[in-house]
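Shown here: input_16.txt, compact mmCIF, C-alpha atoms.
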# COMPACT_ATOMS: atom_id res chain seq x y z
CA MET S 2 -17.12 50.53 -239.33
CA THR S 3 -20.51 48.90 -239.48
CA LEU S 4 -22.37 46.27 -237.53
CA ALA S 5 -22.70 44.09 -240.63
CA GLY S 6 -19.01 44.41 -241.47
CA HIS S 7 -17.50 43.95 -238.05
CA TRP S 8 -19.82 41.99 -235.74
CA ILE S 9 -17.92 38.78 -236.41
CA TYR S 10 -14.67 40.34 -235.13
CA TRP S 11 -16.45 41.63 -232.03
CA ALA S 12 -17.90 38.19 -231.31
CA ILE S 13 -14.40 36.70 -231.65
CA VAL S 14 -12.97 39.31 -229.25
CA ALA S 15 -15.68 38.39 -226.72
CA LEU S 16 -14.76 34.68 -226.99
CA MET S 17 -11.10 35.52 -226.67
CA MET S 18 -11.71 37.51 -223.50
CA VAL S 19 -13.60 34.62 -221.88
CA GLY S 20 -10.54 32.44 -222.54
CA LEU S 21 -8.19 35.11 -221.18
CA TYR S 22 -10.33 35.49 -218.06
CA VAL S 23 -10.19 31.74 -217.34
CA LEU S 24 -6.45 31.81 -217.94
CA ILE S 25 -5.68 34.60 -215.44
CA ALA S 26 -8.51 34.34 -212.90
CA ARG S 27 -8.60 30.61 -212.19
CA GLU S 28 -6.10 28.99 -209.85
CA ASN S 29 -6.32 25.41 -211.12
CA LEU S 30 -3.56 24.69 -213.64
CA VAL S 31 -5.66 22.30 -215.75
CA LYS S 32 -8.42 24.91 -215.89
CA LYS S 33 -5.87 27.48 -217.00
CA ILE S 34 -4.88 25.22 -219.89
CA MET S 35 -8.55 24.94 -220.88
CA GLY S 36 -8.71 28.73 -220.88
CA LEU S 37 -5.63 28.82 -223.08
CA ASN S 38 -7.39 26.42 -225.48
CA LEU S 39 -10.45 28.70 -225.69
CA PHE S 40 -8.12 31.62 -226.37
CA GLN S 41 -6.28 29.70 -229.06
CA VAL S 42 -9.45 28.66 -230.90
CA SER S 43 -10.58 32.30 -230.86
CA VAL S 44 -7.31 33.47 -232.40
CA ILE S 45 -7.62 30.79 -235.09
CA LEU S 46 -11.21 31.90 -235.75
CA PHE S 47 -9.95 35.44 -236.16
CA TYR S 48 -7.42 34.48 -238.83
CA VAL S 49 -9.96 32.34 -240.66
CA ALA S 50 -12.50 35.18 -240.55
CA VAL S 51 -9.90 37.51 -242.09
CA ALA S 52 -9.32 34.94 -244.86
CA LYS S 53 -12.98 34.87 -245.88
CA VAL S 54 -13.85 36.64 -249.13
CA ARG S 55 -17.45 37.63 -249.73
CA GLY S 56 -19.14 35.20 -252.10
CA GLY S 57 -16.05 33.01 -252.02
CA THR S 58 -15.77 29.28 -251.64
CA ALA S 59 -13.22 26.86 -250.18
CA PRO S 60 -9.83 27.16 -251.94
CA ILE S 61 -10.06 23.87 -253.79
CA LEU S 62 -9.92 24.71 -257.48
CA VAL S 63 -12.91 23.80 -259.64
CA GLU S 64 -11.75 22.82 -263.10
CA GLY S 65 -13.27 24.70 -266.02
CA ALA S 66 -15.75 26.60 -263.88
CA GLY S 67 -14.81 30.05 -265.14
CA ASP S 68 -14.80 32.86 -262.61
CA VAL S 69 -14.97 31.34 -259.17
CA VAL S 70 -14.04 33.44 -256.15
CA TYR S 71 -11.90 31.57 -253.62
CA SER S 72 -11.21 32.50 -250.03
CA ASN S 73 -7.60 33.19 -249.09
CA PRO S 74 -5.76 29.87 -248.63
CA LEU S 75 -2.71 31.25 -246.80
CA PRO S 76 -4.28 31.82 -243.34
CA HIS S 77 -5.87 28.36 -243.61
CA VAL S 78 -2.43 26.80 -243.99
CA LEU S 79 -0.98 28.73 -241.07
CA MET S 80 -3.93 27.91 -238.82
CA LEU S 81 -4.18 24.20 -239.57
CA THR S 82 -0.55 23.71 -238.59
CA ALA S 83 -1.09 25.99 -235.57
CA ILE S 84 -3.86 23.68 -234.32
CA VAL S 85 -1.60 20.62 -234.35
CA VAL S 86 1.29 22.56 -232.78
CA GLY S 87 -1.23 23.86 -230.22
CA VAL S 88 -2.36 20.40 -229.14
CA SER S 89 1.27 19.28 -228.81
CA LEU S 90 1.99 22.24 -226.55
CA THR S 91 -1.23 21.58 -224.60
CA ALA S 92 0.16 18.12 -223.97
CA VAL S 93 3.43 19.62 -222.68
CA GLY S 94 1.44 21.90 -220.35
CA LEU S 95 -0.66 18.99 -219.08
CA GLY S 96 2.52 16.94 -218.58
CA LEU S 97 3.92 19.77 -216.43
CA ALA S 98 0.67 19.84 -214.42
CA VAL S 99 0.95 16.08 -213.85
CA ARG S 100 4.52 16.43 -212.60
CA ILE S 101 3.62 19.39 -210.36
CA ARG S 102 0.79 17.35 -208.87
CA ALA S 103 3.23 14.47 -208.22
CA ALA S 104 5.72 16.80 -206.53
CA TYR S 105 3.34 19.05 -204.54
CA GLY S 106 0.11 17.04 -204.26
CA SER S 107 -1.91 19.93 -205.71
CA VAL S 108 -2.48 21.84 -208.93
CA GLU S 109 -4.07 24.91 -207.31
CA GLU S 110 -1.82 27.90 -207.80
CA ASP S 111 -2.39 29.59 -204.41
CA GLU S 112 -1.82 26.24 -202.69
CA LEU S 113 1.48 25.88 -204.58
CA ASP S 114 2.53 29.39 -203.52
CA ARG S 115 1.72 28.56 -199.90
CA LEU S 116 3.76 25.33 -200.04
CA ASP S 117 6.68 27.17 -201.62
CA GLU S 118 6.65 29.84 -198.91
CA ALA S 119 6.40 27.26 -196.15
CA ASP S 120 9.37 25.31 -197.52
CA PRO S 121 11.60 27.54 -199.63
CA MET I 14 -29.00 32.43 -244.24
CA ILE I 15 -25.26 31.90 -243.72
CA PRO I 16 -24.86 34.97 -241.45
CA LEU I 17 -27.79 33.65 -239.42
CA ILE I 18 -26.14 30.25 -238.97
CA SER I 19 -22.81 31.84 -238.06
CA ALA I 20 -24.52 34.11 -235.54
CA ALA I 21 -26.25 31.10 -233.97
CA LEU I 22 -22.95 29.19 -233.82
CA PHE I 23 -21.25 32.19 -232.20
CA ALA I 24 -24.04 32.37 -229.61
CA PHE I 25 -23.52 28.67 -228.82
CA LEU I 26 -19.75 29.16 -228.64
CA LEU I 27 -20.11 32.06 -226.20
CA ALA I 28 -22.55 30.09 -224.04
CA VAL I 29 -20.19 27.10 -223.92
CA ALA I 30 -17.17 29.30 -223.17
CA VAL I 31 -18.98 31.00 -220.29
CA ALA I 32 -20.07 27.59 -218.99
CA VAL I 33 -16.42 26.44 -219.06
CA ALA I 34 -15.44 29.54 -217.09
CA ARG I 35 -18.21 29.11 -214.51
CA THR I 36 -18.30 25.40 -213.75
CA ARG I 37 -16.06 24.03 -211.02
CA ASP I 38 -16.50 20.44 -212.16
CA LEU I 39 -13.40 19.98 -214.31
CA PHE I 40 -14.70 16.83 -216.02
CA ALA I 41 -17.72 18.82 -217.21
CA ALA I 42 -15.41 21.63 -218.33
CA ALA I 43 -13.29 19.14 -220.32
CA MET I 44 -16.34 17.83 -222.17
CA LEU I 45 -17.48 21.42 -222.79
CA THR I 46 -14.14 22.31 -224.39
CA GLY I 47 -14.71 19.33 -226.73
CA ILE I 48 -18.12 20.73 -227.66
CA PHE I 49 -16.53 24.16 -228.12
CA SER I 50 -14.07 22.71 -230.61
CA LEU I 51 -16.77 20.87 -232.56
CA LEU I 52 -18.88 24.03 -232.80
CA SER I 53 -15.88 26.03 -233.96
CA ALA I 54 -15.19 23.38 -236.61
CA GLY I 55 -18.70 24.06 -237.94
CA LEU I 56 -17.91 27.75 -238.05
CA PHE I 57 -14.62 27.10 -239.90
CA THR I 58 -16.57 25.21 -242.56
CA LEU I 59 -18.95 28.15 -242.99
CA LEU I 60 -15.92 30.44 -243.36
CA ASP I 61 -14.57 28.24 -246.22
CA ALA I 62 -11.69 26.82 -244.17
CA VAL I 63 -12.50 23.15 -244.72
CA ASP I 64 -8.96 21.94 -243.99
CA VAL I 65 -8.88 23.88 -240.73
CA ALA I 66 -12.30 22.53 -239.75
CA PHE I 67 -11.11 19.01 -240.40
CA THR I 68 -8.06 19.46 -238.18
CA GLU I 69 -9.97 21.20 -235.40
CA ALA I 70 -12.64 18.47 -235.31
CA ALA I 71 -10.05 15.70 -235.01
CA VAL I 72 -7.73 17.55 -232.62
CA GLY I 73 -9.99 19.70 -230.48
CA ALA I 74 -12.99 17.43 -230.11
CA GLY I 75 -10.92 14.26 -230.08
CA ILE I 76 -7.35 14.23 -228.91
CA SER I 77 -7.05 17.31 -226.68
CA THR I 78 -10.27 16.45 -224.80
CA LEU I 79 -8.90 12.95 -224.17
CA LEU I 80 -5.59 14.38 -222.95
CA ILE I 81 -7.38 16.69 -220.51
CA LEU I 82 -9.50 13.79 -219.23
CA GLY I 83 -6.35 11.70 -218.81
CA THR I 84 -4.70 14.51 -216.84
CA LEU I 85 -7.76 14.92 -214.63
CA SER I 86 -7.64 11.25 -213.72
CA LEU I 87 -4.17 12.05 -212.31
CA THR I 88 -4.76 15.47 -210.77
CA GLY I 89 -8.31 15.15 -209.46
CA SER I 90 -11.44 16.87 -210.68
CA PRO I 91 -13.13 19.35 -208.32
CA GLU I 92 -11.57 22.76 -208.56
CA ALA I 93 -10.99 24.73 -205.36
CA PRO I 94 -13.50 27.57 -204.86
CA PRO I 95 -12.28 30.64 -206.75
CA ARG I 96 -10.86 33.59 -204.90
CA ARG I 97 -13.07 36.63 -205.38
CA SER I 98 -11.17 39.39 -207.08
CA TRP I 99 -12.04 42.10 -209.56
CA ALA I 100 -8.51 42.54 -210.90
CA PRO I 101 -8.71 39.83 -213.63
CA LEU I 102 -12.05 41.20 -214.79
CA GLY I 103 -10.48 44.66 -215.06
CA VAL I 104 -7.54 43.34 -217.09
CA VAL I 105 -9.88 41.44 -219.41
CA ALA I 106 -12.14 44.50 -219.88
CA LEU I 107 -9.11 46.65 -220.71
CA ALA I 108 -7.63 44.14 -223.17
CA GLY I 109 -11.02 43.52 -224.77
CA GLY I 110 -11.66 47.24 -225.11
CA ALA I 111 -8.31 47.77 -226.78
CA LEU I 112 -8.95 44.93 -229.23
CA LEU I 113 -12.46 46.20 -230.04
CA TYR I 114 -10.99 49.66 -230.69
CA ALA I 115 -8.41 48.04 -233.01
CA THR I 116 -11.07 46.19 -235.05
CA LEU I 117 -12.58 49.55 -236.04
CA ASP I 118 -9.60 50.08 -238.35
CA MET I 119 -10.01 46.70 -240.02
CA PRO I 120 -11.52 46.28 -243.48
CA ALA I 121 -15.09 44.98 -243.36
CA PHE I 122 -15.61 41.23 -243.05
CA GLY I 123 -15.33 39.51 -246.45
CA ASP I 124 -14.03 42.59 -248.27
CA PRO I 125 -12.22 41.26 -251.39
CA GLY I 126 -10.00 44.37 -251.42
CA ALA I 127 -8.62 43.78 -247.91
CA PRO I 128 -4.81 43.92 -247.77
CA ALA I 129 -4.67 40.27 -246.64
CA HIS I 130 -6.01 39.18 -250.03
CA LEU I 131 -3.77 41.34 -252.19
CA HIS I 132 -0.27 40.09 -251.42
CA VAL I 133 0.75 36.53 -252.28
CA ALA I 134 -2.61 34.74 -252.06
CA PRO I 135 -3.75 35.61 -255.62
CA GLU I 136 -0.44 34.25 -256.99
CA TYR I 137 -0.89 30.99 -255.10
CA LEU I 138 -4.44 30.64 -256.46
CA ALA I 139 -3.44 31.52 -260.02
CA ASP I 140 -0.18 29.55 -260.25
CA THR I 141 -1.07 26.31 -258.48
CA PRO I 142 -2.69 24.56 -261.49
CA GLU I 143 0.34 25.19 -263.70
CA ASP I 144 3.10 24.80 -261.09
CA ILE I 145 1.84 21.70 -259.38
CA GLY I 146 -1.36 20.60 -261.05
CA ILE I 147 -3.39 19.81 -257.94
CA PRO I 148 -6.72 21.40 -257.04
CA ASN I 149 -6.31 21.84 -253.26
CA VAL I 150 -4.44 25.16 -252.95
CA VAL I 151 -4.14 24.74 -249.16
CA THR I 152 -2.07 21.59 -249.68
CA ALA I 153 -0.04 23.30 -252.39
CA VAL I 154 0.85 26.22 -250.13
CA LEU I 155 1.46 24.01 -247.10
CA ALA I 156 3.69 21.46 -248.76
CA SER I 157 5.28 23.30 -251.64
CA TYR I 158 5.23 27.10 -251.59
CA ARG I 159 5.75 27.22 -247.83
CA GLY I 160 7.52 23.93 -247.24
CA TYR I 161 10.09 25.57 -244.95
CA ASP I 162 7.36 26.80 -242.56
CA THR I 163 5.82 23.36 -242.47
CA LEU I 164 9.16 21.74 -241.72
CA GLY I 165 9.55 24.19 -238.83
CA GLU I 166 6.08 23.35 -237.48
CA LEU I 167 6.83 19.65 -237.72
CA VAL I 168 10.04 20.10 -235.74
CA VAL I 169 8.07 21.99 -233.06
CA ILE I 170 5.67 19.03 -232.85
CA LEU I 171 8.64 16.66 -232.59
CA ALA I 172 10.12 18.80 -229.80
CA ALA I 173 6.79 18.87 -227.94
CA GLY I 174 6.48 15.10 -228.27
CA VAL I 175 9.97 14.59 -226.87
CA GLY I 176 9.16 17.07 -224.08
CA VAL I 177 6.06 15.13 -223.06
CA LEU I 178 7.98 11.85 -223.10
CA LEU I 179 10.61 13.40 -220.81
CA LEU I 180 7.93 14.82 -218.48
CA VAL I 181 5.56 11.89 -218.08
CA GLY I 182 7.72 9.01 -219.35
CA SER I 183 7.04 6.83 -222.36
CA GLY I 184 4.60 4.67 -220.40
CA ASP I 185 6.97 1.72 -220.50
CA GLY I 186 7.74 0.82 -216.93
CA GLY I 187 5.49 0.32 -214.05
CA GLY I 188 3.45 -1.96 -211.89
CA GLY I 189 0.70 -3.99 -213.42
CA GLY I 190 -2.31 -2.31 -211.81
CA GLU I 191 -5.44 -2.14 -213.94
CA ARG I 192 -5.48 1.63 -214.35
CA ALA I 193 -5.34 2.99 -217.85
CA LEU I 194 -6.54 6.28 -219.31
CA GLY I 195 -8.82 7.49 -217.76
CA SER I 196 -7.99 5.40 -214.76
CA GLU I 197 -10.39 2.56 -214.09
CA SER I 198 -12.71 3.71 -216.88
CA HIS I 199 -11.62 1.20 -219.48
CA VAL I 200 -12.47 -1.67 -217.15
CA ARG I 201 -15.95 -0.24 -216.91
CA MET I 202 -16.07 0.45 -220.64
CA ARG I 203 -15.11 -3.10 -221.48
CA GLU I 204 -18.37 -4.20 -219.92
CA LYS I 205 -20.42 -2.00 -222.23
CA LEU I 206 -21.48 -4.30 -225.05
CA VAL I 207 -22.60 -1.57 -227.47
CA LEU I 208 -19.38 0.41 -227.11
CA ARG I 209 -17.28 -2.68 -227.58
CA VAL I 210 -19.07 -3.95 -230.66
CA VAL I 211 -19.30 -0.53 -232.29
CA ALA I 212 -15.65 0.31 -231.58
CA ARG I 213 -14.44 -2.99 -232.99
CA ARG I 214 -16.34 -2.32 -236.23
CA LEU I 215 -15.52 1.37 -236.38
CA VAL I 216 -11.80 1.55 -235.65
CA PRO I 217 -10.65 -0.17 -238.90
CA PHE I 218 -12.68 2.35 -240.88
CA VAL I 219 -11.26 5.26 -238.89
CA LEU I 220 -7.75 4.06 -239.79
CA LEU I 221 -8.74 3.47 -243.42
CA PHE I 222 -10.25 6.96 -243.55
CA ALA I 223 -7.00 8.37 -242.18
CA LEU I 224 -5.11 6.77 -245.07
CA TYR I 225 -7.64 8.18 -247.54
CA VAL I 226 -7.23 11.65 -246.01
CA GLN I 227 -3.46 11.24 -246.23
CA PHE I 228 -3.26 10.38 -249.89
CA HIS I 229 -6.24 12.33 -251.16
CA GLY I 230 -5.09 15.59 -249.58
CA ASP I 231 -3.99 16.96 -252.97
CA TYR I 232 -7.50 16.78 -254.36
CA GLY I 233 -9.81 17.40 -251.43
CA PRO I 234 -9.58 18.64 -247.88
CA GLY I 235 -6.93 16.66 -246.05
CA GLY I 236 -3.22 16.03 -245.84
CA GLY I 237 -0.59 14.84 -243.43
CA PHE I 238 -1.63 16.85 -240.37
CA GLN I 239 -5.27 15.78 -240.57
CA ALA I 240 -4.46 12.16 -241.42
CA GLY I 241 -1.97 11.95 -238.55
CA VAL I 242 -4.44 13.11 -235.94
CA VAL I 243 -7.28 10.97 -237.33
CA PHE I 244 -5.04 7.88 -237.32
CA ALA I 245 -3.91 8.56 -233.74
CA ALA I 246 -7.51 9.25 -232.67
CA GLY I 247 -8.48 5.81 -234.02
CA LEU I 248 -5.74 4.11 -232.01
CA ILE I 249 -6.58 6.12 -228.88
CA LEU I 250 -10.30 5.31 -229.22
CA TYR I 251 -9.39 1.63 -229.33
CA GLY I 252 -7.16 2.06 -226.30
CA MET I 253 -9.87 3.89 -224.33
CA ILE I 254 -12.26 0.97 -224.73
CA PHE I 255 -10.04 -2.10 -224.74
CA GLY I 256 -7.19 -0.83 -222.57
CA VAL I 257 -3.88 0.71 -223.56
CA ASP I 258 -2.09 -2.66 -223.47
CA GLU I 259 -4.19 -3.91 -226.39
CA VAL I 260 -3.04 -1.00 -228.56
CA ARG I 261 0.57 -1.36 -227.48
CA ARG I 262 0.49 -4.94 -228.74
CA VAL I 263 -0.40 -3.62 -232.20
CA VAL I 264 1.80 -0.51 -232.27
CA GLY I 265 4.65 -0.89 -229.82
CA PRO I 266 6.05 2.16 -227.94
CA ARG I 267 9.37 1.57 -229.67
CA ALA I 268 7.74 1.75 -233.13
CA VAL I 269 6.05 5.00 -232.13
CA GLU I 270 9.33 6.53 -230.98
CA VAL I 271 10.99 5.53 -234.23
CA GLY I 272 8.02 6.97 -236.15
CA ILE I 273 8.41 10.39 -234.47
CA ALA I 274 11.91 10.74 -235.88
CA ALA I 275 11.30 8.89 -239.16
CA GLY I 276 8.64 11.34 -240.34
CA VAL I 277 10.87 14.38 -239.85
CA LEU I 278 13.77 12.54 -241.50
CA LEU I 279 11.58 11.67 -244.49
CA PHE I 280 10.62 15.35 -244.83
CA ILE I 281 14.26 16.45 -244.68
CA GLY I 282 15.19 13.54 -246.97
CA VAL I 283 12.89 14.85 -249.69
CA GLY I 284 14.58 18.23 -249.29
CA VAL I 285 18.04 16.66 -249.61
CA ALA I 286 16.90 14.68 -252.66
CA SER I 287 15.95 17.92 -254.38
CA LEU I 288 19.35 19.36 -253.43
CA LEU I 289 21.03 16.34 -255.04
CA GLY I 290 18.90 16.91 -258.14
CA GLY I 291 20.51 20.32 -258.50
CA ALA I 292 17.71 22.52 -257.19
CA ASN I 293 17.18 24.36 -253.89
CA PHE I 294 16.27 22.62 -250.63
CA LEU I 295 12.60 21.53 -250.86
CA ASP I 296 12.32 22.64 -254.51
CA TYR I 297 10.75 19.41 -255.70
CA SER I 298 10.83 20.26 -259.40
CA ALA I 299 14.23 18.49 -259.48
CA LEU I 300 12.63 15.17 -258.54
CA ASP I 301 11.44 14.69 -262.12
CA PRO I 302 13.76 16.46 -264.57
CA HIS I 303 11.35 16.00 -267.50
CA ASP I 304 8.19 17.32 -265.85
CA PRO I 305 8.63 19.84 -263.00
CA ALA I 306 4.92 19.74 -262.08
CA HIS I 307 5.06 15.97 -261.69
CA GLY I 308 8.23 16.31 -259.59
CA ARG I 309 6.48 18.80 -257.29
CA HIS I 310 3.53 16.45 -256.97
CA LEU I 311 5.87 13.62 -255.93
CA GLY I 312 7.60 15.87 -253.42
CA ILE I 313 4.27 16.84 -251.86
CA LEU I 314 3.29 13.17 -251.49
CA GLY I 315 6.63 12.47 -249.80
CA ILE I 316 6.61 15.30 -247.29
CA GLU I 317 2.90 14.86 -246.49
CA LEU I 318 3.70 11.25 -245.63
CA GLY I 319 6.50 12.46 -243.37
CA VAL I 320 4.13 14.92 -241.66
CA GLY I 321 1.48 12.22 -241.23
CA VAL I 322 3.90 9.69 -239.70
CA THR I 323 5.37 12.18 -237.23
CA VAL I 324 2.02 13.67 -236.18
CA ALA I 325 0.39 10.25 -235.69
CA SER I 326 3.44 8.98 -233.75
CA VAL I 327 3.69 12.04 -231.50
CA MET I 328 -0.03 11.92 -230.65
CA THR I 329 0.12 8.18 -229.93
CA ALA I 330 3.30 8.58 -227.87
CA ILE I 331 1.68 11.32 -225.78
CA TYR I 332 -1.31 9.05 -225.16
CA TYR I 333 0.96 6.16 -224.14
CA GLY I 334 2.83 8.48 -221.78
CA PHE I 335 -0.30 9.73 -219.99
CA ALA I 336 -1.95 6.30 -219.96
CA GLY I 337 1.18 4.59 -218.62
CA ARG I 338 1.48 7.18 -215.89
CA SER I 339 -2.12 6.88 -214.74
CA ARG I 340 -1.63 3.13 -214.56
CA ARG I 341 1.34 3.60 -212.24
CA ALA I 342 -0.36 6.26 -210.13
Take the structure in the file and give it back as structure tokens.
Amino acid sequence: MTLAGHWIYWAIVALMMVGLYVLIARENLVKKIMGLNLFQVSVILFYVAVAKVRGGTAPILVEGAGDVVYSNPLPHVLMLTAIVVGVSLTAVGLGLAVRIRAAYGSVEEDELDRLDEADP
Amino acid sequence: MIPLISAALFAFLLAVAVAVARTRDLFAAAMLTGIFSLLSAGLFTLLDAVDVAFTEAAVGAGISTLLILGTLSLTGSPEAPPRRSWAPLGVVALAGGALLYATLDMPAFGDPGAPAHLHVAPEYLADTPEDIGIPNVVTAVLASYRGYDTLGELVVILAAGVGVLLLVGSGDGGGGGERALGSESHVRMREKLVLRVVARRLVPFVLLFALYVQFHGDYGPGGGFQAGVVFAAGLILYGMIFGVDEVRRVVGPRAVEVGIAAGVLLFIGVGVASLLGGANFLDYSALDPHDPAHGRHLGILGIELGVGVTVASVMTAIYYGFAGRSRRA
């Protein structure tokens, strides 16, 4: 454990926690989805940081260049598909928020709770 | 130098994230999440993940920001004042502490001997030139070695697209008010001469670039996922400025719905073709009995095209859905 070897993971954890805070502390559903997006990008950053090899380069093979060190391509594959799946699911979440707004006239969670209690 | 740049980018990312958490103006927060994505794309590039950076820049800074803006035009922007409570902060501190404690057991950043680099990754890097003969190992893993995973991801995207269409509608019906995504903005935007002229010149090149990314993904950063989102972003950009009806005249909602299914079917079709050739599902070597590497190359082109068509169609369909709804609202 060293500062030089681990600071990047600590920075990612800090980012992740900001996203988690927005997700659980804010009442507005759209804001929650933004928090979820911050959280998701942090997780993706974490995987990509794990894939990095010191002195490595992007995993696109250089022909006849002898000993080139490449970073690990596998996490890159998983994360690039995760981003596109993530935006599709963000769209589903936003669609739900739109429908909730149409049904309740609000996207604030405590307001929704109040309306539900008033009219079970 | 590189650690310095990454540290600076991380500082920016943290500042933007905190700004998103603090502001109560949701429009500002939406733009800030776009900036967050663009900054993280820079960081991905520094960490050698060029394909990921590409996707994040097109998705995070482009499409998801637009979707959030479109939603806000339907749900309203100012957020209610937050309830003061220490409980969330406590939960976050606890979770963060646990994660920090866990990182202490991790191998140092960039350690070539880390377990993550010792399992299958070296095989992928060593075998790709002989097995498939393309330089971009990310594409090779995505489309060939791990084709099953990619098919699964594509089906998730299809399901999400269908879900959004069920939730917000396909944007077909509805009164003829002049409200498109985001609401009355495109009427205002149409009056902006610079935007109009630049967009008209730029959009064809965005679409052309998407095709380049699609078919050059074997050799450089790119592939179906990136090309799909870039293509959809081009269409959405056009729709933002000239109104969604203009785009729907070019690419009809029906064509988009067919495209969603056609891409997945093409992907599965390539798999079935390899079955008929006597090999396993998605083992493309059967596509060319004389030269397995060439067969695999053909298979990758086919499934990447399927991925690109479905991703572009789903993104465009989602945009049509939100835009059609804000017009009716």
Go through I:Gln239, I:Leu248, I:Tyr137, I:Arg97 and flag the residue nearest Ala70 (chain I), using all atoms listed in the file for the distances.
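Distance minimum relative to Ala70 (chain I) lands on I:Gln239.
Separating CA of Gly6 (chain S) from CA of Phe122 (chain I) is a distance of 4.9 Å.
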Which of S:Ala12, S:Val69, S:Val93, S:Ile34 sits closest to Gly56 (chain S) [using all atoms listed in the file]
S:Val69
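The coordinates place CA of Tyr232 (chain I) at 15.2 Å from CA of Gly312 (chain I).
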By how many Å are CA of Phe49 (chain I) and CA of Gly321 (chain I) apart?
25.3 Å
Skipping near chain neighbours, those fewer than 2 positions away, what residues fall within 7 Å of region 223-227 of chain I using all atoms listed in the file, listed as a PDB file with C-alpha atoms, in the coordinates of the input?
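Okay, this is what ended up in result_3.pdb:
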ATOM      1  CA  VAL I 219     -11.260   5.260-238.890  1.00  0.00           C
ATOM      2  CA  LEU I 220      -7.750   4.060-239.790  1.00  0.00           C
ATOM      3  CA  LEU I 221      -8.740   3.470-243.420  1.00  0.00           C
ATOM      4  CA  HIS I 229      -6.240  12.330-251.160  1.00  0.00           C
ATOM      5  CA  GLY I 230      -5.090  15.590-249.580  1.00  0.00           C
ATOM      6  CA  GLY I 235      -6.930  16.660-246.050  1.00  0.00           C
ATOM      7  CA  GLY I 236      -3.220  16.030-245.840  1.00  0.00           C
ATOM      8  CA  GLY I 237      -0.590  14.840-243.430  1.00  0.00           C
ATOM      9  CA  ALA I 240      -4.460  12.160-241.420  1.00  0.00           C
ATOM     10  CA  VAL I 243      -7.280  10.970-237.330  1.00  0.00           C
ATOM     11  CA  PHE I 244      -5.040   7.880-237.320  1.00  0.00           C
TER      12      PHE I 244
END
